[in-house]
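Peer 1: Next comes work.pdb, PDB, N, CA and C atoms, pLDDT in the B column:
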MODEL        1
ATOM      1  N   MET A 276     129.380 157.358 135.446  1.00 80.00           N
ATOM      2  CA  MET A 276     128.041 157.018 135.892  1.00 80.00           C
ATOM      3  C   MET A 276     128.147 156.337 137.254  1.00 80.00           C
ATOM      4  N   GLU A 277     127.206 156.669 138.112  1.00 87.00           N
ATOM      5  CA  GLU A 277     127.192 156.108 139.461  1.00 87.00           C
ATOM      6  C   GLU A 277     126.818 154.632 139.448  1.00 87.00           C
ATOM      7  N   THR A 278     127.444 153.870 140.318  1.00 94.00           N
ATOM      8  CA  THR A 278     127.142 152.448 140.460  1.00 94.00           C
ATOM      9  C   THR A 278     125.828 152.292 141.215  1.00 94.00           C
ATOM     10  N   PRO A 279     124.917 151.461 140.708  1.00 97.00           N
ATOM     11  CA  PRO A 279     123.652 151.256 141.412  1.00 97.00           C
ATOM     12  C   PRO A 279     123.873 150.633 142.792  1.00 97.00           C
ATOM     13  N   ALA A 280     123.037 151.037 143.732  1.00 97.00           N
ATOM     14  CA  ALA A 280     123.056 150.445 145.066  1.00 97.00           C
ATOM     15  C   ALA A 280     121.960 149.396 145.202  1.00 97.00           C
ATOM     16  N   GLN A 281     120.904 149.528 144.386  1.00 97.00           N
ATOM     17  CA  GLN A 281     119.788 148.583 144.445  1.00 97.00           C
ATOM     18  C   GLN A 281     119.116 148.503 143.085  1.00 97.00           C
ATOM     19  N   ILE A 282     118.766 147.284 142.695  1.00 96.00           N
ATOM     20  CA  ILE A 282     118.014 147.057 141.461  1.00 96.00           C
ATOM     21  C   ILE A 282     116.825 146.176 141.798  1.00 96.00           C
ATOM     22  N   LEU A 283     115.639 146.619 141.409  1.00 95.00           N
ATOM     23  CA  LEU A 283     114.419 145.849 141.626  1.00 95.00           C
ATOM     24  C   LEU A 283     113.937 145.290 140.298  1.00 95.00           C
ATOM     25  N   PHE A 284     113.542 144.014 140.294  1.00 92.00           N
ATOM     26  CA  PHE A 284     112.956 143.364 139.125  1.00 92.00           C
ATOM     27  C   PHE A 284     111.482 143.141 139.405  1.00 92.00           C
ATOM     28  N   PHE A 285     110.617 143.625 138.516  1.00 90.00           N
ATOM     29  CA  PHE A 285     109.177 143.503 138.707  1.00 90.00           C
ATOM     30  C   PHE A 285     108.593 142.430 137.797  1.00 90.00           C
ATOM     31  N   ALA A 286     107.477 141.867 138.226  1.00 85.00           N
ATOM     32  CA  ALA A 286     106.832 140.780 137.483  1.00 85.00           C
ATOM     33  C   ALA A 286     106.381 141.205 136.093  1.00 85.00           C
ATOM     34  N   ASN A 287     106.189 142.493 135.869  1.00 86.00           N
ATOM     35  CA  ASN A 287     105.753 142.951 134.546  1.00 86.00           C
ATOM     36  C   ASN A 287     106.916 143.144 133.579  1.00 86.00           C
ATOM     37  N   GLY A 288     108.147 142.804 134.011  1.00 87.00           N
ATOM     38  CA  GLY A 288     109.310 142.917 133.140  1.00 87.00           C
ATOM     39  C   GLY A 288     110.119 144.179 133.345  1.00 87.00           C
ATOM     40  N   ASN A 289     109.623 145.107 134.125  1.00 92.00           N
ATOM     41  CA  ASN A 289     110.329 146.365 134.359  1.00 92.00           C
ATOM     42  C   ASN A 289     111.380 146.227 135.450  1.00 92.00           C
ATOM     43  N   THR A 290     112.283 147.190 135.492  1.00 94.00           N
ATOM     44  CA  THR A 290     113.262 147.293 136.564  1.00 94.00           C
ATOM     45  C   THR A 290     113.208 148.698 137.146  1.00 94.00           C
ATOM     46  N   ALA A 291     113.709 148.829 138.360  1.00 96.00           N
ATOM     47  CA  ALA A 291     113.917 150.134 138.985  1.00 96.00           C
ATOM     48  C   ALA A 291     115.331 150.103 139.552  1.00 96.00           C
ATOM     49  N   VAL A 292     116.111 151.125 139.245  1.00 97.00           N
ATOM     50  CA  VAL A 292     117.512 151.177 139.661  1.00 97.00           C
ATOM     51  C   VAL A 292     117.696 152.421 140.533  1.00 97.00           C
ATOM     52  N   PHE A 293     118.344 152.229 141.699  1.00 97.00           N
ATOM     53  CA  PHE A 293     118.518 153.310 142.667  1.00 97.00           C
ATOM     54  C   PHE A 293     119.986 153.470 143.046  1.00 97.00           C
ATOM     55  N   ASP A 294     120.376 154.718 143.322  1.00 97.00           N
ATOM     56  CA  ASP A 294     121.728 154.979 143.805  1.00 97.00           C
ATOM     57  C   ASP A 294     121.749 154.856 145.333  1.00 97.00           C
ATOM     58  N   LYS A 295     122.886 155.143 145.943  1.00 96.00           N
ATOM     59  CA  LYS A 295     123.033 154.979 147.397  1.00 96.00           C
ATOM     60  C   LYS A 295     122.151 155.940 148.198  1.00 96.00           C
ATOM     61  N   ASN A 296     121.661 157.003 147.553  1.00 96.00           N
ATOM     62  CA  ASN A 296     120.768 157.960 148.214  1.00 96.00           C
ATOM     63  C   ASN A 296     119.300 157.647 147.983  1.00 96.00           C
ATOM     64  N   GLY A 297     119.019 156.541 147.289  1.00 96.00           N
ATOM     65  CA  GLY A 297     117.640 156.159 147.025  1.00 96.00           C
ATOM     66  C   GLY A 297     117.020 156.850 145.822  1.00 96.00           C
ATOM     67  N   GLU A 298     117.849 157.583 145.063  1.00 96.00           N
ATOM     68  CA  GLU A 298     117.361 158.258 143.863  1.00 96.00           C
ATOM     69  C   GLU A 298     117.418 157.297 142.676  1.00 96.00           C
ATOM     70  N   GLN A 299     116.380 157.344 141.849  1.00 97.00           N
ATOM     71  CA  GLN A 299     116.358 156.475 140.677  1.00 97.00           C
ATOM     72  C   GLN A 299     117.398 156.917 139.653  1.00 97.00           C
ATOM     73  N   ILE A 300     117.993 155.914 138.990  1.00 96.00           N
ATOM     74  CA  ILE A 300     118.936 156.159 137.899  1.00 96.00           C
ATOM     75  C   ILE A 300     118.221 155.704 136.632  1.00 96.00           C
ATOM     76  N   GLY A 301     117.457 156.602 136.051  1.00 95.00           N
ATOM     77  CA  GLY A 301     116.591 156.277 134.924  1.00 95.00           C
ATOM     78  C   GLY A 301     117.306 155.703 133.712  1.00 95.00           C
ATOM     79  N   GLU A 302     118.514 156.182 133.422  1.00 95.00           N
ATOM     80  CA  GLU A 302     119.215 155.715 132.229  1.00 95.00           C
ATOM     81  C   GLU A 302     119.679 154.257 132.356  1.00 95.00           C
ATOM     82  N   LEU A 303     119.622 153.686 133.557  1.00 95.00           N
ATOM     83  CA  LEU A 303     119.990 152.278 133.747  1.00 95.00           C
ATOM     84  C   LEU A 303     118.771 151.361 133.855  1.00 95.00           C
ATOM     85  N   GLN A 304     117.595 151.929 133.791  1.00 95.00           N
ATOM     86  CA  GLN A 304     116.374 151.134 133.916  1.00 95.00           C
ATOM     87  C   GLN A 304     115.968 150.607 132.544  1.00 95.00           C
ATOM     88  N   GLU A 305     116.026 149.298 132.403  1.00 92.00           N
ATOM     89  CA  GLU A 305     115.690 148.620 131.155  1.00 92.00           C
ATOM     90  C   GLU A 305     114.834 147.413 131.510  1.00 92.00           C
ATOM     91  N   ALA A 306     113.890 147.112 130.664  1.00 90.00           N
ATOM     92  CA  ALA A 306     113.027 145.956 130.905  1.00 90.00           C
ATOM     93  C   ALA A 306     113.860 144.670 130.848  1.00 90.00           C
ATOM     94  N   TRP A 307     113.815 143.865 131.908  1.00 89.00           N
ATOM     95  CA  TRP A 307     114.638 142.652 131.937  1.00 89.00           C
ATOM     96  C   TRP A 307     114.141 141.615 130.945  1.00 89.00           C
ATOM     97  N   ASP A 308     112.853 141.589 130.661  1.00 85.00           N
ATOM     98  CA  ASP A 308     112.354 140.630 129.677  1.00 85.00           C
ATOM     99  C   ASP A 308     112.860 140.992 128.278  1.00 85.00           C
ATOM    100  N   LYS A 309     112.926 142.283 127.995  1.00 86.00           N
ATOM    101  CA  LYS A 309     113.456 142.758 126.713  1.00 86.00           C
ATOM    102  C   LYS A 309     114.936 142.402 126.580  1.00 86.00           C
ATOM    103  N   MET A 310     115.693 142.565 127.657  1.00 89.00           N
ATOM    104  CA  MET A 310     117.120 142.231 127.617  1.00 89.00           C
ATOM    105  C   MET A 310     117.323 140.746 127.329  1.00 89.00           C
ATOM    106  N   TYR A 311     116.473 139.895 127.891  1.00 88.00           N
ATOM    107  CA  TYR A 311     116.643 138.462 127.664  1.00 88.00           C
ATOM    108  C   TYR A 311     116.346 138.104 126.208  1.00 88.00           C
ATOM    109  N   VAL A 312     115.327 138.702 125.632  1.00 87.00           N
ATOM    110  CA  VAL A 312     115.015 138.441 124.223  1.00 87.00           C
ATOM    111  C   VAL A 312     116.162 138.939 123.344  1.00 87.00           C
ATOM    112  N   GLN A 313     116.735 140.075 123.670  1.00 88.00           N
ATOM    113  CA  GLN A 313     117.887 140.569 122.914  1.00 88.00           C
ATOM    114  C   GLN A 313     119.074 139.631 123.074  1.00 88.00           C
ATOM    115  N   PHE A 314     119.245 139.059 124.250  1.00 92.00           N
ATOM    116  CA  PHE A 314     120.290 138.063 124.468  1.00 92.00           C
ATOM    117  C   PHE A 314     120.072 136.863 123.554  1.00 92.00           C
ATOM    118  N   LEU A 315     118.833 136.369 123.474  1.00 92.00           N
ATOM    119  CA  LEU A 315     118.540 135.241 122.585  1.00 92.00           C
ATOM    120  C   LEU A 315     118.851 135.602 121.135  1.00 92.00           C
ATOM    121  N   GLY A 316     118.516 136.816 120.720  1.00 89.00           N
ATOM    122  CA  GLY A 316     118.835 137.273 119.369  1.00 89.00           C
ATOM    123  C   GLY A 316     120.331 137.278 119.125  1.00 89.00           C
ATOM    124  N   ALA A 317     121.108 137.679 120.137  1.00 93.00           N
ATOM    125  CA  ALA A 317     122.564 137.688 120.010  1.00 93.00           C
ATOM    126  C   ALA A 317     123.131 136.273 119.907  1.00 93.00           C
ATOM    127  N   GLN A 318     122.368 135.294 120.380  1.00 96.00           N
ATOM    128  CA  GLN A 318     122.791 133.895 120.286  1.00 96.00           C
ATOM    129  C   GLN A 318     122.457 133.297 118.926  1.00 96.00           C
ATOM    130  N   GLY A 319     121.810 134.097 118.072  1.00 95.00           N
ATOM    131  CA  GLY A 319     121.529 133.662 116.713  1.00 95.00           C
ATOM    132  C   GLY A 319     120.096 133.281 116.425  1.00 95.00           C
ATOM    133  N   PHE A 320     119.209 133.389 117.408  1.00 92.00           N
ATOM    134  CA  PHE A 320     117.803 133.087 117.157  1.00 92.00           C
ATOM    135  C   PHE A 320     117.187 134.206 116.329  1.00 92.00           C
ATOM    136  N   THR A 321     116.438 133.846 115.327  1.00 90.00           N
ATOM    137  CA  THR A 321     115.816 134.823 114.439  1.00 90.00           C
ATOM    138  C   THR A 321     114.504 135.319 115.041  1.00 90.00           C
ATOM    139  N   PRO A 322     114.016 136.482 114.572  1.00 87.00           N
ATOM    140  CA  PRO A 322     112.706 136.943 115.033  1.00 87.00           C
ATOM    141  C   PRO A 322     111.606 135.901 114.801  1.00 87.00           C
ATOM    142  N   GLU A 323     111.702 135.161 113.717  1.00 88.00           N
ATOM    143  CA  GLU A 323     110.693 134.134 113.438  1.00 88.00           C
ATOM    144  C   GLU A 323     110.745 133.028 114.492  1.00 88.00           C
ATOM    145  N   GLN A 324     111.947 132.622 114.890  1.00 91.00           N
ATOM    146  CA  GLN A 324     112.072 131.601 115.929  1.00 91.00           C
ATOM    147  C   GLN A 324     111.575 132.122 117.269  1.00 91.00           C
ATOM    148  N   LEU A 325     111.929 133.352 117.593  1.00 88.00           N
ATOM    149  CA  LEU A 325     111.498 133.929 118.864  1.00 88.00           C
ATOM    150  C   LEU A 325     109.982 134.068 118.940  1.00 88.00           C
ATOM    151  N   ALA A 326     109.362 134.337 117.802  1.00 85.00           N
ATOM    152  CA  ALA A 326     107.903 134.480 117.771  1.00 85.00           C
ATOM    153  C   ALA A 326     107.200 133.175 118.133  1.00 85.00           C
ATOM    154  N   GLY A 327     107.885 132.037 117.979  1.00 87.00           N
ATOM    155  CA  GLY A 327     107.290 130.745 118.292  1.00 87.00           C
ATOM    156  C   GLY A 327     107.495 130.292 119.725  1.00 87.00           C
ATOM    157  N   ILE A 328     108.220 131.073 120.518  1.00 88.00           N
ATOM    158  CA  ILE A 328     108.491 130.710 121.913  1.00 88.00           C
ATOM    159  C   ILE A 328     107.401 131.281 122.813  1.00 88.00           C
ATOM    160  N   GLN A 329     106.915 130.477 123.755  1.00 87.00           N
ATOM    161  CA  GLN A 329     105.950 130.974 124.740  1.00 87.00           C
ATOM    162  C   GLN A 329     106.735 131.548 125.916  1.00 87.00           C
ATOM    163  N   PHE A 330     106.612 132.842 126.142  1.00 86.00           N
ATOM    164  CA  PHE A 330     107.263 133.506 127.266  1.00 86.00           C
ATOM    165  C   PHE A 330     106.230 133.677 128.375  1.00 86.00           C
ATOM    166  N   THR A 331     106.564 133.220 129.574  1.00 87.00           N
ATOM    167  CA  THR A 331     105.649 133.302 130.710  1.00 87.00           C
ATOM    168  C   THR A 331     106.300 134.133 131.808  1.00 87.00           C
ATOM    169  N   MET A 332     105.592 135.147 132.280  1.00 83.00           N
ATOM    170  CA  MET A 332     106.100 136.028 133.321  1.00 83.00           C
ATOM    171  C   MET A 332     105.993 135.327 134.678  1.00 83.00           C
ATOM    172  N   PRO A 333     106.688 135.839 135.711  1.00 83.00           N
ATOM    173  CA  PRO A 333     106.654 135.188 137.023  1.00 83.00           C
ATOM    174  C   PRO A 333     105.255 135.017 137.608  1.00 83.00           C
ATOM    175  N   ASP A 334     104.344 135.904 137.258  1.00 84.00           N
ATOM    176  CA  ASP A 334     102.973 135.775 137.780  1.00 84.00           C
ATOM    177  C   ASP A 334     102.098 134.903 136.873  1.00 84.00           C
ATOM    178  N   ARG A 335     102.721 134.180 135.941  1.00 86.00           N
ATOM    179  CA  ARG A 335     102.088 133.217 135.037  1.00 86.00           C
ATOM    180  C   ARG A 335     101.395 133.846 133.834  1.00 86.00           C
ATOM    181  N   ARG A 336     101.429 135.189 133.690  1.00 84.00           N
ATOM    182  CA  ARG A 336     100.874 135.814 132.492  1.00 84.00           C
ATOM    183  C   ARG A 336     101.784 135.513 131.320  1.00 84.00           C
ATOM    184  N   ARG A 337     101.194 135.391 130.144  1.00 85.00           N
ATOM    185  CA  ARG A 337     101.983 135.188 128.938  1.00 85.00           C
ATOM    186  C   ARG A 337     102.425 136.537 128.395  1.00 85.00           C
ATOM    187  N   ALA A 338     103.669 136.586 127.949  1.00 79.00           N
ATOM    188  CA  ALA A 338     104.210 137.795 127.330  1.00 79.00           C
ATOM    189  C   ALA A 338     104.260 137.577 125.828  1.00 79.00           C
ATOM    190  N   THR A 339     104.062 138.633 125.082  1.00 75.00           N
ATOM    191  CA  THR A 339     104.072 138.559 123.625  1.00 75.00           C
ATOM    192  C   THR A 339     105.378 139.117 123.095  1.00 75.00           C
ATOM    193  N   TYR A 340     106.044 138.355 122.237  1.00 74.00           N
ATOM    194  CA  TYR A 340     107.282 138.797 121.608  1.00 74.00           C
ATOM    195  C   TYR A 340     106.970 139.801 120.509  1.00 74.00           C
ATOM    196  N   SER A 341     107.759 140.859 120.426  1.00 72.00           N
ATOM    197  CA  SER A 341     107.619 141.873 119.387  1.00 72.00           C
ATOM    198  C   SER A 341     108.994 142.196 118.825  1.00 72.00           C
ATOM    199  N   ALA A 342     109.240 141.873 117.566  1.00 68.00           N
ATOM    200  CA  ALA A 342     110.532 142.149 116.944  1.00 68.00           C
ATOM    201  C   ALA A 342     110.848 143.642 116.970  1.00 68.00           C
ATOM    202  N   GLU A 343     109.844 144.456 116.729  1.00 68.00           N
ATOM    203  CA  GLU A 343     110.058 145.912 116.716  1.00 68.00           C
ATOM    204  C   GLU A 343     110.451 146.414 118.102  1.00 68.00           C
ATOM    205  N   PHE A 344     109.720 145.974 119.133  1.00 62.00           N
ATOM    206  CA  PHE A 344     109.998 146.398 120.510  1.00 62.00           C
ATOM    207  C   PHE A 344     111.381 145.945 120.947  1.00 62.00           C
ATOM    208  N   ASN A 345     111.763 144.740 120.555  1.00 60.00           N
ATOM    209  CA  ASN A 345     113.034 144.176 120.977  1.00 60.00           C
ATOM    210  C   ASN A 345     114.180 144.511 120.043  1.00 60.00           C
ATOM    211  N   LYS A 346     113.921 145.305 119.011  1.00 63.00           N
ATOM    212  CA  LYS A 346     114.943 145.797 118.089  1.00 63.00           C
ATOM    213  C   LYS A 346     115.717 144.655 117.443  1.00 63.00           C
ATOM    214  N   LEU A 347     114.997 143.625 117.016  1.00 55.00           N
ATOM    215  CA  LEU A 347     115.639 142.507 116.338  1.00 55.00           C
ATOM    216  C   LEU A 347     115.211 142.399 114.886  1.00 55.00           C
ATOM    217  N   ALA A 348     114.252 143.201 114.485  1.00 48.00           N
ATOM    218  CA  ALA A 348     113.753 143.101 113.099  1.00 48.00           C
ATOM    219  C   ALA A 348     114.682 143.818 112.149  1.00 48.00           C
TER
ENDMDL
END
As structure tokens, what does this structure read like?
Peer 2:
Amino acid sequence: METPAQILFFANGNTAVFDKNGEQIGELQEAWDKMYVQFLGAQGFTPEQLAGIQFTMPDRRRATYSAEFNKLA
């Protein structure tokens, strides 16, 4: 797999990954907010604990935790 040349992080939690030619590498594009919740799950936090955390996006919008979306249920 080609090494990314650029990665963009968006306020809505999405990413965009590009190669050296400016072409998107779709298989490397993962929501960064989802990755962080999965990281917390790997640290031993349960879906019930995560549901009690207030997640705030960079633009101050609140994000809603979903065990199904984050594959922790």
Peer 1: For segment 328-344 of chain A, find every residue with an atom within 9 Å (counting only C-alpha atoms), except residues of its own chain fewer than 5 positions away, and show them as a PyMOL selection string.
Peer 2: chain A and resi 285-288+308-309+312+322-323
Peer 1: Contacts of Val292 of chain A at 8 Å or less, counting all atoms listed in the file, minus same-chain residues fewer than 3 places along, as an MDAnalysis selection string?
Peer 2: chainID A and resid 279:284 289 295 297:301 303:305
Peer 1: Run DSSP on the backbone and give me the residues of segment 278-338 of chain A it puts in helix (DSSP H, G or I), as an MDAnalysis selection string.
Peer 2: chainID A and resid 301:303 307:317 322:326
Peer 1: Could the centre and edge lengths of an axis-aligned box, enclosing all atoms of segment 318-329 of chain A in the file with 5 Å extra on each side, be given in Å to one decimal as lines of an AutoDock Vina configuration file?
Peer 2:
center_x = 114.4
center_y = 133.6
center_z = 119.7
size_x = 26.8
size_y = 16.7
size_z = 22.5
Peer 1: Assign secondary structure with DSSP using the backbone only, and return the residues of chain A in strand (DSSP E) as a list of chain:residue names.
Peer 2: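 Of chain A, only A:Gln281, A:Ile282, A:Leu283, A:Phe284, A:Thr290, A:Ala291, A:Val292, A:Phe293, A:Phe330, A:Thr331, A:Arg337, A:Ala338 fall in strand (DSSP E).
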Peer 1: What is the atom N of Phe314 of chain A to atom C of Gly327 of chain A distance in Å?
Peer 2: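 Here the two named atoms are 15.3 Å from each other.
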Peer 1: Would you mind reading off the distance between atom CA of Thr278 of chain A and atom CA of Thr290 of chain A, one decimal, in Å?
Peer 2: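 Separation between atom CA of Thr278 of chain A and atom CA of Thr290 of chain A: 15.3 Å.
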Peer 1: Distance atom CA of Gly319 of chain A-atom C of Ala306 of chain A, one decimal place?
Peer 2: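 These atoms are spaced 19.5 Å apart.
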